[in-house]
Structure formats: structure tokens, C-alpha cells
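Peer 1: Okay, handing you the structure first.
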Amino acid sequence: MRTDPMGSDLTVYYDGGCPLCRAEIGHYRQCRGAERIAFVDVGRNAPTVGLGPDLDRGDALRRFHVRGADGRLVSGAAAFARLWRVLPNWRWLGRLVELRVFGLPLVLPLAEAAYRLSLPLRPQLARLIARRQH
């Protein structure tokens, strides 16, 4: 597992101050294939990191973002699909989310809608996880 984005297949930006995010990223760090991923904490208590001109800390804290080795930044459900495609045991789910029929995305719009619906629940879920950890 990397902390330096240089040479990684994917850079994952996450909020290390969020118990929910830490738990989820902690799981991904343990997965086979995680050594190909740079995990970058963009939380409020993390040191300022170079996110690139197309991502600021505020946006990175509001939505899940990943950057491919090609420099392309994606967020939300598309970011999860990119992450999952790097992890061999999750690859099937990434492919499913990115599935296209006749050139049109089939699952991604539904996954993005579900992701957006989950965002308002994130603070409550984070508090619940924090309580369970203490």
C-alpha cells in the first residue's frame, strides 16, 4: 500500500477524520491489490497535500474522489467503481457498475443516485461507528 501517488495505479482521497471513511479505507487497505493504490488523507487535521488543480480539500471532503495513473479525476459512484476495479476480489463489482449497453451506462446512474442519497446519512453513520469504537 502506498501513501505517495507517484507510481500508483490509483490515488484515493479520503477523509481520515471521518470514522466511517477510516473504517472503509482500512478495509480496502487490507485487500489484495491495495499495494497498487496510494491512499491520501485529505481530512481537516491532515497536512496540506497537493490534490491537483482540479480538486480542492472542500470538494474532496464532500465526495469520494480517485485519480487514475492517467491523471483523470472521478468522484462518487464512478470513483468507487475505479477503486474496485483495481482490487481483484472487488473487480466484478467495478465492472458491473461500469457496465454499458449499446454504449450507454446501465448501472452507474443508479449507483450514483444511491451514492448521493447516502451522503446526508454519512454524519450519522460516522457518529454510530465512532461510538462503537469507544
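Chains: A, B, ... in order of the C-alpha cells. Residues: from 1 per chain. Ligands: from 1, in order shown.
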Hey, what's within 8 Å of Ala60 in chain A if we count only C-alpha atoms and toss same-chain stuff fewer than 5 positions away? As a PyMOL selection string, please?

Peer 2: chain A and resi 13-15+42+55+65

Peer 1: Give the helix (DSSP H, G or I) residues of range 11-83 of chain A, as DSSP finds them on the backbone, and put them as a VMD selection string.

Peer 2: chain A and resid 19 to 30 34 to 36 57 to 62 77 to 83

Peer 1: Tell me, as a list in words, which residues lie within 12 Å of Leu93 in chain A, counting only C-alpha atoms; anything in the same chain fewer than 3 positions away does not count.

Peer 2: Ala77, Ala78, Phe80, Ala81, Arg82, Leu83, Trp84, Arg85, Val86, Leu87, Pro88, Asn89, Trp90, Leu96, Val97, Glu98, Leu99, Val107, Leu108 and Ala111 of chain A

Peer 1: I'd like the neighbourhood of Ala34 in chain A as a ChimeraX atom specification, where a residue qualifies if any of its atoms comes within 10 Å (using only C-alpha atoms), though same-chain residues fewer than 2 positions away should be ignored.

Peer 2: /A:1-2,8-10,27-32,36-39,83,86-88

Peer 1: At a cut-off of 12 Å, can you tabulate as a tab-separated table every residue of range 45-95 of chain A near range 121-132 of chain A together with its closest atom pair and the distance in Å to one decimal, using only C-alpha atoms and ordering rows by chain then number?

Peer 2:
```
residue	atom	partner	partner_atom	distance
A:Leu61	CA	A:Arg122	CA	11.4
A:Arg62	CA	A:Arg122	CA	10.1
A:Arg63	CA	A:Arg122	CA	10.6
A:Phe64	CA	A:Arg122	CA	11.7
```

Peer 1: Emit the selected residues as a PDB file, in the first residue's frame, including all heavy atoms.

Peer 2:
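Below you can see again29.pdb, which holds the result:
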```pdb
ATOM      1  N   LEU A  61     -13.551  16.552   0.652  1.00  0.00           N
ATOM      2  CA  LEU A  61     -14.228  16.161   1.885  1.00  0.00           C
ATOM      3  C   LEU A  61     -15.718  15.898   1.671  1.00  0.00           C
ATOM      4  O   LEU A  61     -16.326  15.151   2.424  1.00  0.00           O
ATOM      5  CB  LEU A  61     -14.044  17.236   2.960  1.00  0.00           C
ATOM      6  CG  LEU A  61     -12.636  17.382   3.505  1.00  0.00           C
ATOM      7  CD1 LEU A  61     -12.532  18.609   4.401  1.00  0.00           C
ATOM      8  CD2 LEU A  61     -12.201  16.130   4.237  1.00  0.00           C
ATOM      9  N   ARG A  62     -16.302  16.503   0.649  1.00  0.00           N
ATOM     10  CA  ARG A  62     -17.734  16.342   0.393  1.00  0.00           C
ATOM     11  C   ARG A  62     -18.079  15.068  -0.376  1.00  0.00           C
ATOM     12  O   ARG A  62     -19.160  14.522  -0.212  1.00  0.00           O
ATOM     13  CB  ARG A  62     -18.274  17.545  -0.368  1.00  0.00           C
ATOM     14  CG  ARG A  62     -18.540  18.740   0.513  1.00  0.00           C
ATOM     15  CD  ARG A  62     -19.228  19.863  -0.239  1.00  0.00           C
ATOM     16  NE  ARG A  62     -18.339  20.579  -1.136  1.00  0.00           N
ATOM     17  CZ  ARG A  62     -17.458  21.491  -0.759  1.00  0.00           C
ATOM     18  NH1 ARG A  62     -17.319  21.793   0.515  1.00  0.00           N
ATOM     19  NH2 ARG A  62     -16.698  22.102  -1.633  1.00  0.00           N
ATOM     20  N   ARG A  63     -17.161  14.637  -1.255  1.00  0.00           N
ATOM     21  CA  ARG A  63     -17.421  13.467  -2.097  1.00  0.00           C
ATOM     22  C   ARG A  63     -16.162  12.618  -2.173  1.00  0.00           C
ATOM     23  O   ARG A  63     -15.056  13.121  -2.059  1.00  0.00           O
ATOM     24  CB  ARG A  63     -17.801  13.891  -3.528  1.00  0.00           C
ATOM     25  CG  ARG A  63     -19.209  14.398  -3.667  1.00  0.00           C
ATOM     26  CD  ARG A  63     -19.514  14.835  -5.094  1.00  0.00           C
ATOM     27  NE  ARG A  63     -19.379  13.798  -6.093  1.00  0.00           N
ATOM     28  CZ  ARG A  63     -20.357  12.973  -6.470  1.00  0.00           C
ATOM     29  NH1 ARG A  63     -21.531  13.048  -5.912  1.00  0.00           N
ATOM     30  NH2 ARG A  63     -20.152  12.073  -7.409  1.00  0.00           N
ATOM     31  N   PHE A  64     -16.358  11.336  -2.438  1.00  0.00           N
ATOM     32  CA  PHE A  64     -15.253  10.409  -2.606  1.00  0.00           C
ATOM     33  C   PHE A  64     -14.628  10.629  -3.981  1.00  0.00           C
ATOM     34  O   PHE A  64     -15.344  10.652  -4.993  1.00  0.00           O
ATOM     35  CB  PHE A  64     -15.783   8.983  -2.470  1.00  0.00           C
ATOM     36  CG  PHE A  64     -14.739   7.922  -2.584  1.00  0.00           C
ATOM     37  CD1 PHE A  64     -13.743   7.801  -1.634  1.00  0.00           C
ATOM     38  CD2 PHE A  64     -14.758   7.022  -3.626  1.00  0.00           C
ATOM     39  CE1 PHE A  64     -12.786   6.808  -1.721  1.00  0.00           C
ATOM     40  CE2 PHE A  64     -13.812   6.025  -3.734  1.00  0.00           C
ATOM     41  CZ  PHE A  64     -12.825   5.913  -2.780  1.00  0.00           C
TER      42      PHE A  64
END
```

Peer 1: Counting only C-alpha atoms, which residue out of A:Arg22, A:Leu73, A:Gly17, A:Arg67 sits closest to Ala46 in chain A?

Peer 2: A:Gly17

Peer 1: Using Å and a single decimal, report how far CA of Gly26 in chain A sits from CA of Arg95 in chain A.

Peer 2: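 CA of Arg95 in chain A sits 22.3 Å away from CA of Gly26 in chain A.
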
Peer 1: Could you jot down the CA of Val74 in chain A to CA of Gly43 in chain A separation for me, Å, one decimal place?

Peer 2: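 These atoms are spaced 18.4 Å apart.
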
Peer 1: By how many Å are CA of Asp41 in chain A and CA of Val66 in chain A apart?

Peer 2: 11.9 Å
